[in-house]
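Data file: target-v1.txt. Format and content: compact mmCIF, C-alpha atoms and all ligand atoms.
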```
# COMPACT_ATOMS: atom_id res chain seq x y z
CA MET A 304 -18.59 -34.07 25.19
CA THR A 305 -15.67 -36.43 24.59
CA ILE A 306 -12.85 -34.86 22.63
CA ALA A 307 -10.87 -37.32 20.49
CA PRO A 308 -7.14 -37.18 21.27
CA PRO A 309 -4.64 -35.65 18.88
CA LEU A 310 -2.86 -38.10 16.58
CA GLY A 311 0.34 -36.13 16.45
CA LEU A 312 2.55 -34.01 18.67
CA LEU A 313 4.76 -31.46 16.94
CA ALA A 314 7.57 -30.74 19.38
CA GLU A 315 9.49 -27.65 18.32
CA VAL A 316 12.37 -28.37 20.65
CA THR A 317 14.41 -25.32 19.58
CA HIS A 318 14.29 -22.36 17.25
CA ARG A 319 18.07 -22.49 16.82
CA CYS A 320 19.15 -23.45 13.30
CA PRO A 321 22.35 -23.05 11.28
CA LEU A 322 20.31 -22.27 8.18
CA ARG A 323 18.53 -18.96 7.56
CA CYS A 324 15.76 -19.93 5.12
CA PRO A 325 13.60 -16.97 4.11
CA TYR A 326 10.49 -19.19 4.04
CA CYS A 327 10.81 -20.40 7.62
CA SER A 328 7.45 -20.77 9.36
CA ASN A 329 8.96 -19.97 12.77
CA PRO A 330 7.75 -16.73 14.33
CA VAL A 331 9.69 -13.58 13.47
CA GLU A 332 10.50 -13.28 17.21
CA LEU A 333 12.52 -16.46 17.81
CA THR A 334 12.94 -18.17 21.19
CA ARG A 335 16.50 -18.14 22.58
CA ALA A 336 18.31 -21.22 23.89
CA ALA A 337 18.05 -20.15 27.54
CA GLN A 338 14.25 -20.21 27.34
CA GLU A 339 14.00 -23.75 25.92
CA LEU A 340 12.41 -26.57 27.94
CA ASP A 341 14.94 -28.91 29.53
CA THR A 342 15.36 -32.63 28.78
CA ALA A 343 13.30 -33.87 31.72
CA THR A 344 10.36 -31.62 30.89
CA TRP A 345 10.30 -32.75 27.26
CA ALA A 346 10.46 -36.38 28.41
CA ARG A 347 7.47 -35.78 30.66
CA VAL A 348 5.61 -34.09 27.80
CA PHE A 349 6.25 -37.15 25.61
CA ARG A 350 4.90 -39.50 28.31
CA GLU A 351 1.83 -37.30 28.75
CA ALA A 352 1.31 -37.27 24.99
CA ALA A 353 1.40 -41.06 24.78
CA ALA A 354 -1.00 -41.32 27.74
CA LEU A 355 -3.35 -38.90 26.00
CA GLY A 356 -3.42 -41.11 22.89
CA VAL A 357 -0.86 -39.44 20.62
CA LEU A 358 0.74 -41.93 18.22
CA GLN A 359 3.28 -39.88 16.32
CA LEU A 360 5.90 -37.42 17.53
CA HIS A 361 7.49 -34.98 15.12
CA LEU A 362 10.71 -33.54 16.50
CA SER A 363 11.10 -30.24 14.79
CA GLY A 364 12.46 -26.72 15.20
CA GLY A 365 14.43 -24.77 14.07
CA GLU A 366 16.89 -27.59 13.77
CA PRO A 367 16.13 -30.22 16.44
CA THR A 368 19.65 -31.63 16.32
CA ALA A 369 20.94 -28.23 17.49
CA ARG A 370 19.97 -29.58 20.92
CA ARG A 371 22.83 -31.46 22.54
CA ASP A 372 20.30 -33.81 24.17
CA ILE A 373 18.57 -34.85 20.93
CA VAL A 374 19.56 -38.51 21.40
CA GLU A 375 18.12 -38.46 24.94
CA LEU A 376 14.95 -36.84 23.64
CA VAL A 377 14.55 -39.57 21.00
CA ALA A 378 15.16 -42.25 23.63
CA ALA A 379 12.53 -40.69 25.90
CA ALA A 380 10.02 -40.62 23.05
CA ALA A 381 10.73 -44.24 22.16
CA GLN A 382 10.36 -45.28 25.80
CA ALA A 383 7.01 -43.51 25.86
CA GLY A 384 5.97 -45.67 22.90
CA LEU A 385 5.72 -42.87 20.32
CA TYR A 386 6.54 -43.30 16.62
CA THR A 387 9.24 -40.67 16.30
CA ASN A 388 10.01 -38.65 13.20
CA LEU A 389 13.00 -36.29 13.06
CA ILE A 390 12.41 -33.23 10.87
CA THR A 391 15.90 -32.00 10.10
CA ALA A 392 17.99 -29.86 7.77
CA GLY A 393 20.65 -32.55 8.11
CA VAL A 394 23.73 -30.33 8.24
CA THR A 395 24.71 -31.44 11.76
CA LEU A 396 24.18 -35.16 11.15
CA ASP A 397 27.30 -37.27 10.76
CA ALA A 398 27.29 -41.08 10.61
CA ALA A 399 27.90 -41.51 14.36
CA ARG A 400 25.05 -39.19 15.32
CA VAL A 401 22.61 -40.89 12.96
CA ALA A 402 23.62 -44.29 14.33
CA ALA A 403 23.09 -43.02 17.90
CA LEU A 404 19.64 -41.68 17.00
CA ALA A 405 18.70 -44.98 15.35
CA ALA A 406 19.92 -46.93 18.38
CA ALA A 407 17.86 -44.64 20.64
CA GLY A 408 14.73 -45.68 18.78
CA LEU A 409 14.25 -43.10 16.01
CA ASP A 410 11.70 -44.38 13.47
CA HIS A 411 11.91 -41.99 10.52
CA VAL A 412 13.84 -39.01 9.13
CA GLN A 413 12.42 -36.17 7.11
CA LEU A 414 15.31 -34.27 5.51
CA SER A 415 14.88 -30.88 3.87
CA VAL A 416 16.67 -29.71 0.74
CA GLN A 417 16.56 -26.18 -0.62
CA ASP A 418 17.37 -26.97 -4.28
CA THR A 419 19.14 -29.53 -6.44
CA GLU A 420 22.64 -28.05 -6.59
CA SER A 421 24.75 -26.23 -4.07
CA THR A 422 24.84 -22.68 -5.45
CA GLY A 423 21.09 -22.24 -5.59
CA ALA A 424 20.43 -24.30 -2.46
CA GLU A 425 22.91 -22.35 -0.38
CA ARG A 426 21.64 -18.97 -1.59
CA ILE A 427 18.18 -20.00 -0.34
CA GLY A 428 19.33 -21.60 2.92
CA GLY A 429 21.92 -18.93 3.65
CA MET A 430 24.57 -21.43 4.78
CA PRO A 431 27.72 -22.14 2.73
CA GLY A 432 28.52 -25.84 2.42
CA ALA A 433 25.07 -26.98 3.55
CA HIS A 434 24.03 -28.87 0.42
CA ALA A 435 26.91 -31.37 0.42
CA ARG A 436 26.33 -32.01 4.13
CA LYS A 437 22.66 -32.74 3.46
CA LEU A 438 23.52 -35.24 0.74
CA ALA A 439 25.92 -36.96 3.15
CA ALA A 440 23.25 -36.96 5.88
CA ALA A 441 20.80 -38.68 3.53
CA ARG A 442 23.37 -41.39 2.92
CA HIS A 443 23.94 -41.87 6.66
CA VAL A 444 20.19 -42.17 7.23
CA THR A 445 19.63 -44.87 4.63
CA GLU A 446 22.82 -46.70 5.69
CA ALA A 447 21.44 -46.76 9.23
CA GLY A 448 18.34 -48.49 7.86
CA LEU A 449 16.02 -45.59 8.65
CA PRO A 450 13.23 -44.66 6.23
CA LEU A 451 13.88 -41.32 4.55
CA THR A 452 11.46 -38.68 3.31
CA LEU A 453 12.91 -35.82 1.29
CA ASN A 454 11.17 -32.53 1.98
CA ALA A 455 11.55 -29.99 -0.81
CA VAL A 456 10.05 -26.62 -0.01
CA VAL A 457 9.22 -25.14 -3.39
CA HIS A 458 8.63 -21.56 -4.55
CA ARG A 459 9.27 -19.30 -7.50
CA GLN A 460 13.06 -19.55 -7.20
CA ASN A 461 13.33 -23.36 -7.40
CA LEU A 462 10.03 -24.75 -8.72
CA ASP A 463 11.33 -25.03 -12.28
CA ARG A 464 13.79 -27.66 -11.05
CA LEU A 465 11.09 -30.00 -9.75
CA PRO A 466 12.04 -32.79 -12.23
CA ALA A 467 15.60 -32.67 -10.85
CA LEU A 468 14.29 -32.68 -7.26
CA ILE A 469 12.40 -35.89 -8.04
CA ASP A 470 15.61 -37.38 -9.49
CA LEU A 471 17.45 -36.31 -6.33
CA ALA A 472 14.90 -38.05 -4.10
CA LEU A 473 15.39 -41.26 -6.08
CA ALA A 474 19.18 -40.96 -6.04
CA LEU A 475 19.18 -40.50 -2.25
CA GLY A 476 17.01 -43.55 -1.67
CA ALA A 477 14.01 -41.67 -0.29
CA GLY A 478 10.74 -43.57 -0.19
CA ARG A 479 8.72 -40.37 -0.14
CA LEU A 480 9.11 -36.87 -1.53
CA GLU A 481 7.15 -34.02 -0.05
CA VAL A 482 6.80 -31.22 -2.55
CA ALA A 483 5.79 -28.59 -0.03
CA HIS A 484 4.75 -25.19 -1.30
CA VAL A 485 5.72 -22.37 1.05
CA GLN A 486 3.01 -21.44 3.56
CA TYR A 487 2.96 -17.70 4.08
CA TYR A 488 3.25 -16.86 7.74
CA GLY A 489 6.24 -16.09 9.99
CA TRP A 490 9.36 -15.32 7.98
CA ALA A 491 7.75 -16.55 4.77
CA LEU A 492 5.14 -13.81 4.85
CA ALA A 493 7.91 -11.20 5.01
CA ASN A 494 9.41 -12.82 1.87
CA ARG A 495 6.16 -13.52 0.03
CA ALA A 496 6.89 -11.35 -3.01
CA ALA A 497 10.24 -13.12 -3.55
CA LEU A 498 8.74 -16.60 -3.23
CA LEU A 499 5.26 -16.80 -4.77
CA PRO A 500 5.30 -18.93 -7.94
CA THR A 501 3.57 -17.91 -11.15
CA ARG A 502 0.53 -19.76 -12.46
CA ALA A 503 2.57 -21.08 -15.39
CA GLN A 504 5.21 -22.50 -13.03
CA LEU A 505 2.53 -24.12 -10.92
CA ASP A 506 0.80 -25.72 -13.91
CA ALA A 507 4.11 -27.14 -15.14
CA ALA A 508 4.87 -28.50 -11.66
CA THR A 509 1.47 -30.15 -11.38
CA ALA A 510 1.99 -31.86 -14.76
CA THR A 511 5.45 -33.01 -13.66
CA VAL A 512 4.04 -34.56 -10.46
CA ASP A 513 1.16 -36.24 -12.31
CA ALA A 514 3.56 -37.88 -14.77
CA ALA A 515 6.10 -38.86 -12.09
CA ARG A 516 3.46 -40.45 -9.88
CA ILE A 517 2.57 -42.80 -12.73
CA ALA A 518 6.15 -43.49 -13.81
CA LEU A 519 7.44 -44.04 -10.24
CA LYS A 520 4.52 -45.99 -8.76
CA GLY A 521 5.87 -48.41 -6.18
CA ARG A 522 9.27 -46.62 -6.00
CA LEU A 523 8.55 -43.11 -4.75
CA VAL A 524 5.46 -41.62 -3.12
CA ILE A 525 5.05 -37.93 -3.95
CA ASP A 526 3.03 -35.67 -1.66
CA TYR A 527 1.82 -32.58 -3.44
CA VAL A 528 -1.08 -30.19 -3.02
CA VAL A 529 -1.93 -27.03 -4.94
CA PRO A 530 -0.71 -24.02 -2.95
CA ASP A 531 -3.22 -21.70 -1.31
CA TYR A 532 -2.45 -18.65 -3.42
CA HIS A 533 -3.54 -20.51 -6.56
CA ALA A 534 -6.36 -22.54 -4.99
CA HIS A 535 -10.15 -22.12 -4.95
CA ARG A 536 -10.72 -23.93 -1.71
CA PRO A 537 -8.47 -23.97 1.37
CA LYS A 538 -6.86 -26.96 2.99
CA ALA A 539 -7.90 -28.29 6.37
CA CYS A 540 -4.99 -26.65 8.15
CA MET A 541 -3.63 -28.93 10.90
CA GLY A 542 -6.61 -31.19 10.11
CA GLY A 543 -8.80 -28.63 11.90
CA TRP A 544 -7.91 -26.42 14.88
CA GLY A 545 -7.61 -28.47 18.06
CA SER A 546 -8.52 -31.70 16.24
CA ARG A 547 -5.52 -33.72 15.08
CA VAL A 548 -2.30 -32.11 16.25
CA MET A 549 -0.87 -30.38 19.28
CA ALA A 550 2.29 -28.30 18.88
CA VAL A 551 4.59 -27.31 21.72
CA SER A 552 6.94 -24.35 21.28
CA PRO A 553 10.59 -24.38 22.43
CA ALA A 554 9.60 -22.44 25.56
CA GLY A 555 6.76 -24.83 26.39
CA ARG A 556 3.65 -23.12 25.06
CA ALA A 557 1.04 -25.61 23.83
CA LEU A 558 -0.31 -24.44 20.49
CA PRO A 559 -3.10 -25.66 18.18
CA CYS A 560 -0.70 -25.02 15.29
CA HIS A 561 2.99 -24.15 15.07
CA ALA A 562 2.25 -20.60 13.85
CA ALA A 563 -0.48 -19.82 16.38
CA GLU A 564 1.70 -17.48 18.42
CA SER A 565 1.25 -15.02 15.52
CA LEU A 566 -2.40 -14.64 16.62
CA PRO A 567 -3.26 -11.90 19.14
CA GLY A 568 -5.65 -12.31 22.05
CA PHE A 569 -4.53 -15.77 23.15
CA ASP A 570 -2.99 -16.97 26.38
CA PHE A 571 -1.56 -20.28 25.24
CA PRO A 572 -1.19 -22.85 28.04
CA ASP A 573 2.26 -23.65 29.46
CA VAL A 574 3.15 -27.37 29.55
CA ARG A 575 5.09 -26.70 32.78
CA ALA A 576 1.86 -25.63 34.49
CA MET A 577 -0.77 -27.92 32.92
CA SER A 578 -0.86 -31.51 31.73
CA LEU A 579 -1.27 -32.16 28.01
CA ARG A 580 -4.61 -33.82 28.72
CA ASP A 581 -5.95 -30.77 30.58
CA ILE A 582 -4.69 -28.49 27.83
CA TRP A 583 -6.30 -30.57 25.10
CA GLU A 584 -9.61 -31.12 26.85
CA THR A 585 -10.18 -27.89 28.79
CA SER A 586 -8.15 -24.96 27.47
CA GLU A 587 -9.99 -22.10 25.80
CA ALA A 588 -7.17 -21.64 23.29
CA PHE A 589 -7.72 -25.12 21.82
CA ALA A 590 -11.50 -24.85 21.97
CA ARG A 591 -11.80 -21.42 20.33
CA TYR A 592 -11.81 -22.58 16.69
CA ARG A 593 -12.50 -26.28 17.24
CA GLY A 594 -15.42 -27.71 15.27
CA THR A 595 -17.86 -25.43 13.46
CA ALA A 596 -19.76 -23.45 16.13
CA TRP A 597 -17.36 -20.46 15.88
CA MET A 598 -17.83 -20.03 12.13
CA ALA A 599 -19.45 -17.04 10.46
CA GLU A 600 -20.76 -16.98 6.90
CA PRO A 601 -19.89 -18.15 4.30
CA CYS A 602 -18.41 -21.13 6.22
CA ARG A 603 -21.34 -21.52 8.63
CA SER A 604 -23.74 -22.76 5.97
CA CYS A 605 -21.17 -24.29 3.60
CA ASP A 606 -21.23 -28.01 2.88
CA ARG A 607 -17.42 -28.15 3.15
CA ARG A 608 -17.30 -26.81 6.72
CA GLU A 609 -16.43 -30.24 8.13
CA VAL A 610 -14.02 -30.95 5.25
CA ASP A 611 -11.65 -27.98 5.46
CA TRP A 612 -12.84 -26.48 8.79
CA GLY A 613 -12.77 -23.01 7.24
CA GLY A 614 -9.08 -23.28 6.28
CA CYS A 615 -6.18 -21.74 8.16
CA ARG A 616 -6.69 -19.39 11.13
CA CYS A 617 -3.18 -17.97 10.86
CA GLN A 618 -3.57 -17.17 7.17
CA ALA A 619 -7.02 -15.65 7.83
CA PHE A 620 -5.47 -13.37 10.44
CA ALA A 621 -2.39 -12.51 8.36
CA LEU A 622 -4.51 -11.45 5.39
CA THR A 623 -7.70 -10.04 6.97
CA GLY A 624 -6.75 -9.12 10.55
CA ASP A 625 -9.47 -11.51 11.81
CA ALA A 626 -8.45 -15.03 12.84
CA GLY A 627 -12.12 -16.04 12.81
CA ALA A 628 -12.64 -15.10 9.16
CA THR A 629 -12.96 -17.54 6.27
CA ASP A 630 -9.48 -18.33 4.96
CA PRO A 631 -8.97 -16.05 1.91
CA ALA A 632 -7.67 -19.11 0.03
CA CYS A 633 -11.38 -19.93 -0.38
CA ALA A 634 -12.95 -18.35 -3.47
CA LEU A 635 -16.09 -17.78 -1.36
CA SER A 636 -14.16 -15.45 0.98
CA PRO A 637 -14.77 -11.74 0.34
CA HIS A 638 -10.98 -11.35 0.63
CA HIS A 639 -10.03 -13.95 -2.00
CA ALA A 640 -8.86 -11.29 -4.48
CA LEU A 641 -6.01 -10.43 -2.10
CA LEU A 642 -4.27 -13.62 -3.14
CA ASP A 643 -4.46 -12.82 -6.86
CA LEU A 644 -3.10 -9.34 -6.17
CA ALA A 645 -0.19 -10.81 -4.19
CA VAL A 646 0.64 -13.17 -7.08
CA GLN A 647 0.56 -10.26 -9.56
CA ASP A 648 2.76 -8.08 -7.33
CA ALA A 649 5.22 -10.92 -6.84
CA ALA A 650 5.75 -11.29 -10.59
CA ALA A 651 7.45 -7.86 -10.61
CA ASP A 652 9.60 -8.53 -7.51
CA ASP A 653 13.38 -8.86 -7.89
CA GLY A 654 13.55 -11.91 -5.60
CA THR A 655 15.76 -10.45 -2.87
CA PHE A 656 15.42 -12.37 0.41
CA ILE A 657 15.09 -11.22 4.00
CA TYR A 658 16.96 -14.00 5.78
CA ARG A 659 15.80 -15.48 9.06
CA GLU A 660 17.85 -14.35 12.07
CA MET A 661 17.48 -14.50 15.85
CA ALA A 662 17.06 -10.74 16.31
CA ARG A 663 15.47 -9.03 13.37
CA GLY A 664 16.79 -5.51 12.74
FE1 LIG B 1 -14.35 -24.11 3.41
FE2 LIG B 1 -15.55 -21.96 4.48
FE3 LIG B 1 -14.79 -21.93 1.91
FE4 LIG B 1 -16.83 -23.48 2.68
S1 LIG B 1 -16.77 -21.21 2.72
S2 LIG B 1 -15.16 -24.06 1.30
S3 LIG B 1 -16.14 -24.13 4.75
S4 LIG B 1 -13.46 -22.08 3.72
FE1 LIG B 2 -2.07 -21.83 12.09
FE2 LIG B 2 -3.03 -22.79 9.76
S1 LIG B 2 -0.97 -22.26 10.26
S2 LIG B 2 -4.08 -22.58 11.67
```
Now that the file is in, can you turn its structure into structure tokens?
Amino acid sequence: MTIAPPLGLLAEVTHRCPLRCPYCSNPVELTRAAQELDTATWARVFREAAALGVLQLHLSGGEPTARRDIVELVAAAAQAGLYTNLITAGVTLDAARVAALAAAGLDHVQLSVQDTESTGAERIGGMPGAHARKLAAARHVTEAGLPLTLNAVVHRQNLDRLPALIDLALALGAGRLEVAHVQYYGWALANRAALLPTRAQLDAATATVDAARIALKGRLVIDYVVPDYHAHRPKACMGGWGSRVMAVSPAGRALPCHAAESLPGFDFPDVRAMSLRDIWETSEAFARYRGTAWMAEPCRSCDRREVDWGGCRCQAFALTGDAGATDPACALSPHHALLDLAVQDAAADDGTFIYREMARG
């Protein structure tokens, strides 16, 4: 059987980050700098990705610019012929660094913001002074002629300011705004009660997006999907396990999704020991939940099984203890009520965060 190549490579080049966001999707056990792949190995991985058929590279983390060699990494990706997107918090980007990244061949920048003004944003991100630096970074990006997407991770503690987040995206010259609801694994799961939005907040946000999409047609594209905890059907996480995306962790583990190391019973391949092509085409880890043959009921006989691929394996494991279960975001899952209970419990939570840190106490 021929396996179509992945379209995207998500390279998590480091877990280091100056911010401490409580919704981070990185694993609770973070990889230290000494364990990260070196420049030459990443460059080889990028060449192997291009040879495999990957078109887009997402340089992510942690904060990818925490790596001193980020310009070299971008240059290596550009030489490999990959369309390269930098997913950044922006706080380490001054004008010279952005210009160097653009000259190295960077194609696109996706900049995260935590809120619309500094007090709230910096309480969420856990880094004093971060918000002003992000606004400056956005300016440097557009002045360098690079396309900018603003990524706003939304949750109960900032969702009411969605209209202002849309205004901010316009003011910063972004062509796209991703309104990204928190996904609950890694650090975010530990903070779920502090972050889950209410139904009323969600409905107001959906109405805001609907109106803005009409009013801003041709000026700003807004990406927005209903979050799992308020949905009836799951999303096709990663476009299906082992189907569209390969992730590589800072230490060089090839993963079918960036959160897959949270799943037990896997021996994820090491990019230092296997080529990306061998990993994609022959590894058991990528094959385990690929396609539909692994599915149990209700997915097995469902007419959406090749639409959402049974949802998210990491969420299924986090909520049911079985990575092969139907994602509880699906109303047909016997565990769907867990999500309603979590939303109800969250309404009574005082909103205190557990901040991300390298060694959790
Ligand atoms: Fe998707 Fe499975 Fe739910 Fe059907 S039963 S909608 S395939 S998650
Ligand atoms: Fe891992 Fe969805 S986050 S499969």
Near ligand LIG 2 (chain B), 12 Å: chain A residue rows, closest pairs, all atoms listed in the file, as a tab-separated table:
```
residue	atom	partner	partner_atom	distance
A:Ser328	CA	B:LIG2	S1	8.6
A:Asn329	CA	B:LIG2	S1	10.5
A:Pro330	CA	B:LIG2	S1	11.1
A:Val485	CA	B:LIG2	S1	11.4
A:Gln486	CA	B:LIG2	S1	7.8
A:Tyr487	CA	B:LIG2	S1	8.6
A:Tyr488	CA	B:LIG2	S1	7.3
A:Gly489	CA	B:LIG2	S1	9.5
A:Ala491	CA	B:LIG2	S1	11.8
A:Leu492	CA	B:LIG2	S1	11.7
A:Asp531	CA	B:LIG2	FE2	11.1
A:Pro537	CA	B:LIG2	FE2	10.1
A:Lys538	CA	B:LIG2	FE2	8.8
A:Ala539	CA	B:LIG2	FE2	8.1
A:Cys540	CA	B:LIG2	FE2	4.6
A:Met541	CA	B:LIG2	FE2	6.3
A:Gly542	CA	B:LIG2	S2	9.1
A:Gly543	CA	B:LIG2	S2	7.7
A:Trp544	CA	B:LIG2	S2	6.3
A:Gly545	CA	B:LIG2	S2	9.4
A:Ser546	CA	B:LIG2	S2	11.1
A:Arg547	CA	B:LIG2	S2	11.7
A:Val548	CA	B:LIG2	S2	10.7
A:Met549	CA	B:LIG2	FE1	11.2
A:Ala550	CA	B:LIG2	FE1	10.3
A:Leu558	CA	B:LIG2	FE1	9.0
A:Pro559	CA	B:LIG2	FE1	7.3
A:Cys560	CA	B:LIG2	FE1	4.7
A:His561	CA	B:LIG2	FE1	6.3
A:Ala562	CA	B:LIG2	FE1	4.8
A:Ala563	CA	B:LIG2	FE1	5.0
A:Glu564	CA	B:LIG2	FE1	8.6
A:Ser565	CA	B:LIG2	FE1	8.3
A:Leu566	CA	B:LIG2	FE1	8.5
A:Phe589	CA	B:LIG2	S2	11.1
A:Arg591	CA	B:LIG2	S2	11.7
A:Tyr592	CA	B:LIG2	S2	9.2
A:Arg593	CA	B:LIG2	S2	10.8
A:Asp611	CA	B:LIG2	FE2	10.9
A:Trp612	CA	B:LIG2	S2	10.0
A:Gly613	CA	B:LIG2	S2	9.8
A:Gly614	CA	B:LIG2	FE2	7.0
A:Cys615	CA	B:LIG2	FE2	3.7
A:Arg616	CA	B:LIG2	S2	4.2
A:Cys617	CA	B:LIG2	FE1	4.2
A:Gln618	CA	B:LIG2	FE2	6.2
A:Ala619	CA	B:LIG2	FE2	8.4
A:Phe620	CA	B:LIG2	FE1	9.3
A:Ala621	CA	B:LIG2	S1	10.0
A:Ala626	CA	B:LIG2	S2	8.8
A:Gly627	CA	B:LIG2	S2	10.4
A:Ala628	CA	B:LIG2	S2	11.6
A:Thr629	CA	B:LIG2	S2	11.6
A:Asp630	CA	B:LIG2	FE2	9.2
A:Pro631	CA	B:LIG2	FE2	11.9
A:Ala632	CA	B:LIG2	FE2	11.4
```
(message) If I take atom CA of A:Arg479 and atom CA of A:Ser415, how far is one from the other in Å, to one decimal?
(response) 12.0 Å
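Across A:Pro567, A:Pro601, A:Pro325, A:Gly365, the tightest approach to A:Ala588 is made by A:Pro567 when counting only C-alpha atoms.
Counting from atom CA of A:Asp506, the distance to atom FE1 of ligand LIG 1 (chain B) is 23.1 Å.
Of the residues under consideration (A:Ala576, A:Ala590, A:Leu465, A:Val456), A:Val456 shows the shortest atom-to-atom contact distance to A:Cys327 when counting only C-alpha atoms.
Here the question is which of A:Gly408, A:Pro572, A:Pro466, A:Pro637 gets nearest to A:Gly555 using only C-alpha atoms, and that residue is A:Pro572.
With all atoms listed in the file as the atoms that count, the minimum distance from A:Leu313 to the choices A:Ala507, A:Ala518, A:Ala650, A:Leu385 is reached by A:Leu385.
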(request) Rounded to one decimal place, report the atom CA of A:Tyr658-atom CA of A:Cys324 distance in Å. (result) 6.1 Å
(request) Pick out the residues sitting within 12 Å of A:Ala399, and hand them over as a PyMOL selection string; count all atoms listed in the file, and ignore anything fewer than 4 positions along from it in its own chain. (result) chain A and resi 374+395+403-406+440+443-444+446-447
(request) Write out as number ranges by chain which residues come within 9 Å of stretch 418-433 of chain A when counting all atoms listed in the file, dropping same-chain ones fewer than 5 positions away. (result) A: 321-326, 392-394, 438, 455-457, 460-462, 464-465, 467-468, 471, 656, 658-659
Residues just named, written with C-alpha atoms as a short mmCIF file (atom, residue, chain, number, x, y, z; two decimals), in the frame of the given file:
```cif
data_model
loop_
_atom_site.label_atom_id
_atom_site.label_comp_id
_atom_site.auth_asym_id
_atom_site.auth_seq_id
_atom_site.Cartn_x
_atom_site.Cartn_y
_atom_site.Cartn_z
CA PRO A 321 22.35 -23.05 11.28
CA LEU A 322 20.31 -22.27 8.18
CA ARG A 323 18.53 -18.96 7.56
CA CYS A 324 15.76 -19.93 5.12
CA PRO A 325 13.60 -16.97 4.11
CA TYR A 326 10.49 -19.19 4.04
CA ALA A 392 17.99 -29.86 7.77
CA GLY A 393 20.65 -32.55 8.11
CA VAL A 394 23.73 -30.33 8.24
CA LEU A 438 23.52 -35.24 0.74
CA ALA A 455 11.55 -29.99 -0.81
CA VAL A 456 10.05 -26.62 -0.01
CA VAL A 457 9.22 -25.14 -3.39
CA GLN A 460 13.06 -19.55 -7.20
CA ASN A 461 13.33 -23.36 -7.40
CA LEU A 462 10.03 -24.75 -8.72
CA ARG A 464 13.79 -27.66 -11.05
CA LEU A 465 11.09 -30.00 -9.75
CA ALA A 467 15.60 -32.67 -10.85
CA LEU A 468 14.29 -32.68 -7.26
CA LEU A 471 17.45 -36.31 -6.33
CA PHE A 656 15.42 -12.37 0.41
CA TYR A 658 16.96 -14.00 5.78
CA ARG A 659 15.80 -15.48 9.06
#
```
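Every protein, DNA or RNA residue with an atom at most 8 Å from A:Leu523, where all atoms listed in the file count and chain neighbours fewer than 2 positions away do not, is listed here: Leu473, Ala477, Gly478, Arg479, Leu480, Arg516, Leu519, Lys520, Gly521 and Ile525 of chain A.
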(request) In the coordinates of the file, take the point (3.9, -24.4, 29.4) and a cut-off of 9 Å; then, counting all atoms listed in the file, name each qualifying protein, DNA or RNA residue as an MDAnalysis selection string. (result) chainID A and resid 340 551:552 554:557 571:578
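Candidate residues A:Pro553, A:Ala510, A:Ile306, A:Ala651 were compared for distance to A:Ala336, and the nearest is A:Pro553, using only C-alpha atoms.
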(request) Have a look at A:Gly594, A:Pro450, A:Pro500, A:Gly356 and name the one nearest to ligand LIG 1 (chain B); count all atoms listed in the file. (result) A:Gly594
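Using only C-alpha atoms, the set of residues no farther than 10 Å from the position (13.3, -25.9, 15.9) comprises Ala314, Glu315, Val316, Thr317, His318, Arg319, Cys320, Asn329, Leu333, Thr334, Leu362, Ser363, Gly364, Gly365, Glu366, Pro367, Thr368, Ala369, Arg370, Ile390, Thr391, Ser552 and Pro553 of chain A.
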Stretch 471-489 of chain A: axis-aligned bounding box, 3 Å on each side, centre and edge lengths in Å, one decimal, as AutoDock Vina command-line options:
```
--center_x 11.1 --center_y -29.8 --center_z 1.8 --size_x 22.2 --size_y 33.5 --size_z 22.3
```
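Near A:Leu451, within a cut-off of 10 Å and counting all atoms listed in the file, sit the residues A:Asn388, A:Leu389, A:Asp410, A:His411, A:Val412, A:Gln413, A:Leu414, A:Ala441, A:Arg442, A:Val444, A:Thr445, A:Gly448, A:Asn454, A:Ala472, A:Leu475, A:Gly476, A:Ala477, A:Gly478, A:Arg479, A:Leu480, with same-chain residues fewer than 3 positions away left out.
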Generate a file for stretch 595-618 of chain A, containing C-alpha atoms, as a compact mmCIF listing (two decimals), in the first residue's frame.
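Contents of selection.txt, as written:
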```txt
# COMPACT_ATOMS: atom_id res chain seq x y z
CA THR A 595 -9.95 3.22 10.17
CA ALA A 596 -8.98 -0.44 10.74
CA TRP A 597 -8.08 0.21 14.42
CA MET A 598 -11.47 1.69 15.28
CA ALA A 599 -13.99 0.16 17.66
CA GLU A 600 -17.66 1.09 17.84
CA PRO A 601 -19.23 3.62 17.57
CA CYS A 602 -16.58 4.91 15.12
CA ARG A 603 -16.20 1.64 13.20
CA SER A 604 -19.64 1.84 11.61
CA CYS A 605 -20.03 5.63 11.65
CA ASP A 606 -20.36 7.54 8.38
CA ARG A 607 -17.99 10.24 9.69
CA ARG A 608 -15.08 7.84 10.32
CA GLU A 609 -13.16 9.16 7.31
CA VAL A 610 -14.12 12.76 8.12
CA ASP A 611 -12.86 13.14 11.68
CA TRP A 612 -10.90 9.85 11.99
CA GLY A 613 -12.42 9.28 15.43
CA GLY A 614 -11.12 12.60 16.79
CA CYS A 615 -8.07 13.07 18.98
CA ARG A 616 -6.10 10.11 20.38
CA CYS A 617 -4.46 12.22 23.08
CA GLN A 618 -7.79 13.58 24.30
```
